[in-house]
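K.L.:
Just dropping this structure here.
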Amino acid sequence: MENSTEEYRIQSLDMDTQMLLKTALKDPSSVNLEKVSDILVDQSLKDQVFSKEAGRICYTIVQAEAKQNNGNVFRRSLLNRLQQEFKSREETRARSLQEWVCLVTFICNIFDYLKVNNMPMVALVHPVYDCLIRLSQPDALMNEEEVDCLVLQLHRIGEQLEKVNGPRMNEVFYLLRDGFLLQEGLTSMARLLLLEILEFRAGGWLLSGTAHKYYYSEIAD
Amino acid sequence: MGCMIKSQSRGEVGVLRVVATPETGSSGPSRWSHCRKRGVDGSLRANREEDAGREKGGHSDSRNASFTTPEGTGPVSRCGRKADWGSQVENDEMKRDVHRDMQRYRRRILGAEVTQRERKISSGSSGSCDSKEGEHIETDEAVLLRRQKQINYGKNTLAYDRYIKEVPKHIRQPGVHPKTPNKFRKYSRRSWDQQIKLWKVKLHAWDPPTEEGQDKVLDDIEELGIDDVMDIELDFPDFQNVPASLTTHSCSLEGEDDCSGTPVKIQKTETTVQPELA
């Protein structure tokens with residue numbers, strides 16, 4: 001058990017919180033799950049590293065609660081809290097790009113991990129797309145942070161998203177093509193990221209061997 | 001004068017609910033809410049005192065303000081309120097579960113029918129009553145979901161938990177032991193709702209014992225102050241105490257607690273009204 005909790009990257013949290021989370025994983029009904037979900041969301045909005053993998057610990061708690069007493073208090077409060085944050089995303093973005101990026105990363109991570117009967121949560125599909133489309137807007141493409149976030153999410157969940165809603169993915173990519181071609185003032189890094197994701201999707205969410213060499217061995221150097 | 005009171009009382013009270021079920025669309029906690037394993041927000045109930053503190057507005061026993069039951073008379077339109085992601089995901093999950101149940105059920109029924117037909121053929125009978133139940137399955141999704149919700153409410157009780165632990169399936173006797181209504185059979189709405197009610201009433205036999213439950217009815221009546229009835233008793237010079245309206249009030253309190261069931265109207269007449277309070 002100790003080994004696996006390392007995967008959850010909870011080391012950035014204080015010891016008491018870490019204990020609380022560990023207890024939540026083992027014995028969900030013994031803790032205040034609403035509080036746990038708030039803690040996880042709060043931490044995800046602050047800590048980019050955490051937001052990238054927080055979905056995993058959330059998933060485990062959901063499963064643990066379901067198994068223990070068929071409950072879904074945690075899932076419900078997590079989702080509703082997430083919904084609140086999603087609703088106020090524009091204010092968040094205006095206040096802090098970092099927080100906005102963390103929010104998108106976290107929502108996408110939840111979408112990735114929290115499946116229902118192995119199917120993605122339908123309720124999250126449009127919100128995720130809304131976030132990606134926001135990231136594809138001209139003002140967002142000017143910020144490397146946002147472009148980086150965008151391409152990361154597309155790498156991770158693009159294929160799944162396209163399966164559940166193809167037209168909206170097309171919407172995203174129209175914007176990306178336009179951005180790449182027409183947007184003045186994009187940094188070369190931003191253009192590189194965009195070109196890579198365009199090729200990636202064109203290749204069926206897969207980069208050919210040579211393309212991979214082009215994009216990734218350069219970075220390794 | 002007697003008539004005046006009668007119409008007033010009817011306007012105030014409505015009907016006296018005799019058979020009680022755990023749900024109520026009104027504001028007070030039901031007599032059996034302590035038997036509910038989980039609040040509507042899904043949280044397990046450790047004990048009632050704990051729950052009372054977490055009021056969500058509208059219900060003192062921590063139920064969501066929009067809490068209603070599928071057969072209750074609560075707010076009719078449900079579209080706007082369930083827009084939160086938590087509920088959406090739960091509903092999607094329920095839909096999928098219902099569809100999966102339906103596949104299983106179909107396979108089971110059709111399988112049984114095939115065996116039945118084969119048996120009839122081999123035994124040489126003419127098979128007049130060829131009940132193709134497979135063709136009479138309830139398939140309307142809205143109906144199935146509503147029924148599933150009603151079943152879930154019944155199963156979400158301590159009584160049900162205790163029942164299934166105590167009485168394994170193979171020793172259950174039809175008629176004696178409660179059986180979950182089959183949501184896939186075609187029934188009228190009325191018939192289905194009645195089956196659910198009866199099923200839940202039967203389940204009450206496995207309610208956890210409680211000190212306060214039985215006393216609550218008496219408490220409700222005792223809580224009545226004389227003040228409550230002062231207004232109405234004006235036109236009753238014949239009566240020493242305040243019986244008629246008192247009965248009315250005790251009825252209305254009962255009405256808040258209990259929900260559906262066979263209604264019994266209390267008719268007030270001028271003559272025989274016994275004071276309920278000692």
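Each chain of the structure tokens is named A, B, ... in the order shown, its residues numbered from 1; ligands are numbered from 1 in display order.
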Determine which residues of chain A sit within 8 Å of chain B, taking into account only C-alpha atoms, and present them as a list in words.
P.N.:
Ser29, Gly71, Asn72, Val73, Arg75, Arg76, Ser77, Leu78, Leu79, Asn80, Gln83, Val116, Asn117, Met121, Val122, Ala123 and Leu124 of chain A
K.L.:
Within 7 Å of A:Leu25, counting only C-alpha atoms, which residues qualify if same-chain residues fewer than 5 places away don't, as an MDAnalysis selection string?
P.N.:
chainID A and resid 60:61 64
K.L.:
Would you mind exporting the chosen residues as a compact mmCIF listing (two decimals), in the first residue's frame, restricted to all heavy atoms?
P.N.:
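selection10.txt written:
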# COMPACT_ATOMS: atom_id res chain seq x y z
N THR A 60 -9.50 6.05 -7.52
CA THR A 60 -9.36 5.01 -6.51
C THR A 60 -10.31 5.21 -5.35
O THR A 60 -10.90 4.26 -4.84
CB THR A 60 -7.91 4.97 -6.00
OG1 THR A 60 -7.03 4.98 -7.11
CG2 THR A 60 -7.66 3.70 -5.20
N ILE A 61 -10.49 6.48 -4.95
CA ILE A 61 -11.41 6.73 -3.85
C ILE A 61 -12.85 6.42 -4.27
O ILE A 61 -13.62 5.85 -3.50
CB ILE A 61 -11.29 8.19 -3.35
CG1 ILE A 61 -9.89 8.44 -2.79
CG2 ILE A 61 -12.33 8.48 -2.28
CD1 ILE A 61 -9.63 9.87 -2.35
N ALA A 64 -13.22 2.76 -4.15
CA ALA A 64 -13.21 2.27 -2.77
C ALA A 64 -14.54 2.51 -2.09
O ALA A 64 -15.06 1.65 -1.38
CB ALA A 64 -12.07 2.93 -1.99
K.L.:
Near stretch 11-13 of chain A, within 10 Å and counting only C-alpha atoms, which residues show up once chain neighbours fewer than 2 positions away are dropped, as number ranges by chain?
P.N.:
A: 5-9, 15-19, 21, 39-40, 43, 47, 49-50
K.L.:
Counting only C-alpha atoms, which of A:Glu196, A:Glu65, A:Asp14, A:Glu184 gets nearest to A:Val147?
P.N.:
A:Glu196
K.L.:
Hey, can you check how far atom CA of B:Lys200 sits from atom CA of B:Asp161?
P.N.:
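Separation between atom CA of B:Lys200 and atom CA of B:Asp161: 12.7 Å.
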K.L.:
Contacts of A:Phe86 at 10 Å or less, counting only C-alpha atoms, minus same-chain residues fewer than 3 places along, as a PDB file with N, CA, C and O atoms, in the first residue's frame?
P.N.:
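Saved to result.pdb:
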ATOM      1  N   ASN A  80     -19.419  18.111  -8.510  1.00  0.00           N
ATOM      2  CA  ASN A  80     -20.129  19.372  -8.347  1.00  0.00           C
ATOM      3  C   ASN A  80     -19.178  20.522  -8.040  1.00  0.00           C
ATOM      4  O   ASN A  80     -19.372  21.645  -8.507  1.00  0.00           O
ATOM      5  N   ARG A  81     -18.138  20.222  -7.307  1.00  0.00           N
ATOM      6  CA  ARG A  81     -17.119  21.239  -7.048  1.00  0.00           C
ATOM      7  C   ARG A  81     -16.430  21.611  -8.353  1.00  0.00           C
ATOM      8  O   ARG A  81     -16.188  22.784  -8.649  1.00  0.00           O
ATOM      9  N   LEU A  82     -16.140  20.603  -9.135  1.00  0.00           N
ATOM     10  CA  LEU A  82     -15.499  20.821 -10.433  1.00  0.00           C
ATOM     11  C   LEU A  82     -16.389  21.675 -11.320  1.00  0.00           C
ATOM     12  O   LEU A  82     -15.928  22.570 -12.034  1.00  0.00           O
ATOM     13  N   GLN A  83     -17.674  21.424 -11.232  1.00  0.00           N
ATOM     14  CA  GLN A  83     -18.617  22.180 -12.036  1.00  0.00           C
ATOM     15  C   GLN A  83     -18.602  23.648 -11.656  1.00  0.00           C
ATOM     16  O   GLN A  83     -18.662  24.526 -12.515  1.00  0.00           O
ATOM     17  N   ARG A  89     -14.582  29.718 -14.807  1.00  0.00           N
ATOM     18  CA  ARG A  89     -13.250  29.564 -15.404  1.00  0.00           C
ATOM     19  C   ARG A  89     -12.711  30.838 -16.024  1.00  0.00           C
ATOM     20  O   ARG A  89     -11.501  31.086 -16.016  1.00  0.00           O
ATOM     21  N   GLU A  90     -13.617  31.656 -16.577  1.00  0.00           N
ATOM     22  CA  GLU A  90     -13.133  32.860 -17.229  1.00  0.00           C
ATOM     23  C   GLU A  90     -12.521  33.823 -16.206  1.00  0.00           C
ATOM     24  O   GLU A  90     -11.479  34.423 -16.471  1.00  0.00           O
ATOM     25  N   GLU A  91     -13.173  33.923 -15.041  1.00  0.00           N
ATOM     26  CA  GLU A  91     -12.600  34.757 -13.976  1.00  0.00           C
ATOM     27  C   GLU A  91     -11.269  34.186 -13.529  1.00  0.00           C
ATOM     28  O   GLU A  91     -10.314  34.909 -13.278  1.00  0.00           O
ATOM     29  N   THR A  92     -11.238  32.864 -13.396  1.00  0.00           N
ATOM     30  CA  THR A  92      -9.995  32.210 -12.986  1.00  0.00           C
ATOM     31  C   THR A  92      -8.881  32.520 -13.974  1.00  0.00           C
ATOM     32  O   THR A  92      -7.760  32.849 -13.590  1.00  0.00           O
ATOM     33  N   TRP A 100      -5.790  28.527 -14.164  1.00  0.00           N
ATOM     34  CA  TRP A 100      -6.650  28.130 -15.279  1.00  0.00           C
ATOM     35  C   TRP A 100      -6.104  26.880 -15.959  1.00  0.00           C
ATOM     36  O   TRP A 100      -6.827  25.929 -16.229  1.00  0.00           O
ATOM     37  N   LEU A 103      -6.671  23.952 -13.815  1.00  0.00           N
ATOM     38  CA  LEU A 103      -8.071  23.550 -13.852  1.00  0.00           C
ATOM     39  C   LEU A 103      -8.348  22.676 -15.072  1.00  0.00           C
ATOM     40  O   LEU A 103      -8.967  21.615 -14.967  1.00  0.00           O
ATOM     41  N   VAL A 104      -7.881  23.134 -16.226  1.00  0.00           N
ATOM     42  CA  VAL A 104      -8.123  22.355 -17.443  1.00  0.00           C
ATOM     43  C   VAL A 104      -7.457  20.985 -17.337  1.00  0.00           C
ATOM     44  O   VAL A 104      -8.065  19.962 -17.663  1.00  0.00           O
ATOM     45  N   ILE A 107      -9.555  18.798 -14.960  1.00  0.00           N
ATOM     46  CA  ILE A 107     -10.823  18.334 -15.545  1.00  0.00           C
ATOM     47  C   ILE A 107     -10.552  17.225 -16.555  1.00  0.00           C
ATOM     48  O   ILE A 107     -11.238  16.211 -16.595  1.00  0.00           O
ATOM     49  N   PRO A 127     -18.048  20.187 -21.405  1.00  0.00           N
ATOM     50  CA  PRO A 127     -17.150  21.055 -20.639  1.00  0.00           C
ATOM     51  C   PRO A 127     -15.687  20.920 -21.044  1.00  0.00           C
ATOM     52  O   PRO A 127     -14.978  21.930 -21.163  1.00  0.00           O
ATOM     53  N   VAL A 128     -15.240  19.709 -21.290  1.00  0.00           N
ATOM     54  CA  VAL A 128     -13.846  19.535 -21.711  1.00  0.00           C
ATOM     55  C   VAL A 128     -13.608  20.231 -23.045  1.00  0.00           C
ATOM     56  O   VAL A 128     -12.634  20.974 -23.214  1.00  0.00           O
ATOM     57  N   ASP A 130     -15.265  22.686 -24.241  1.00  0.00           N
ATOM     58  CA  ASP A 130     -15.318  24.137 -24.022  1.00  0.00           C
ATOM     59  C   ASP A 130     -13.955  24.654 -23.591  1.00  0.00           C
ATOM     60  O   ASP A 130     -13.509  25.713 -24.037  1.00  0.00           O
ATOM     61  N   CYS A 131     -13.314  23.907 -22.718  1.00  0.00           N
ATOM     62  CA  CYS A 131     -11.991  24.327 -22.238  1.00  0.00           C
ATOM     63  C   CYS A 131     -10.974  24.302 -23.379  1.00  0.00           C
ATOM     64  O   CYS A 131     -10.191  25.243 -23.542  1.00  0.00           O
TER      65      CYS A 131
END
K.L.:
Can you measure atom CA of A:Cys58 to atom CA of A:Asp42 for me? One decimal in Å is fine.
P.N.:
13.1 Å
K.L.:
Have a look at atom CA of A:Leu152 and atom CA of A:Pro120 and let me know their distance in Å, one decimal.
P.N.:
18.4 Å
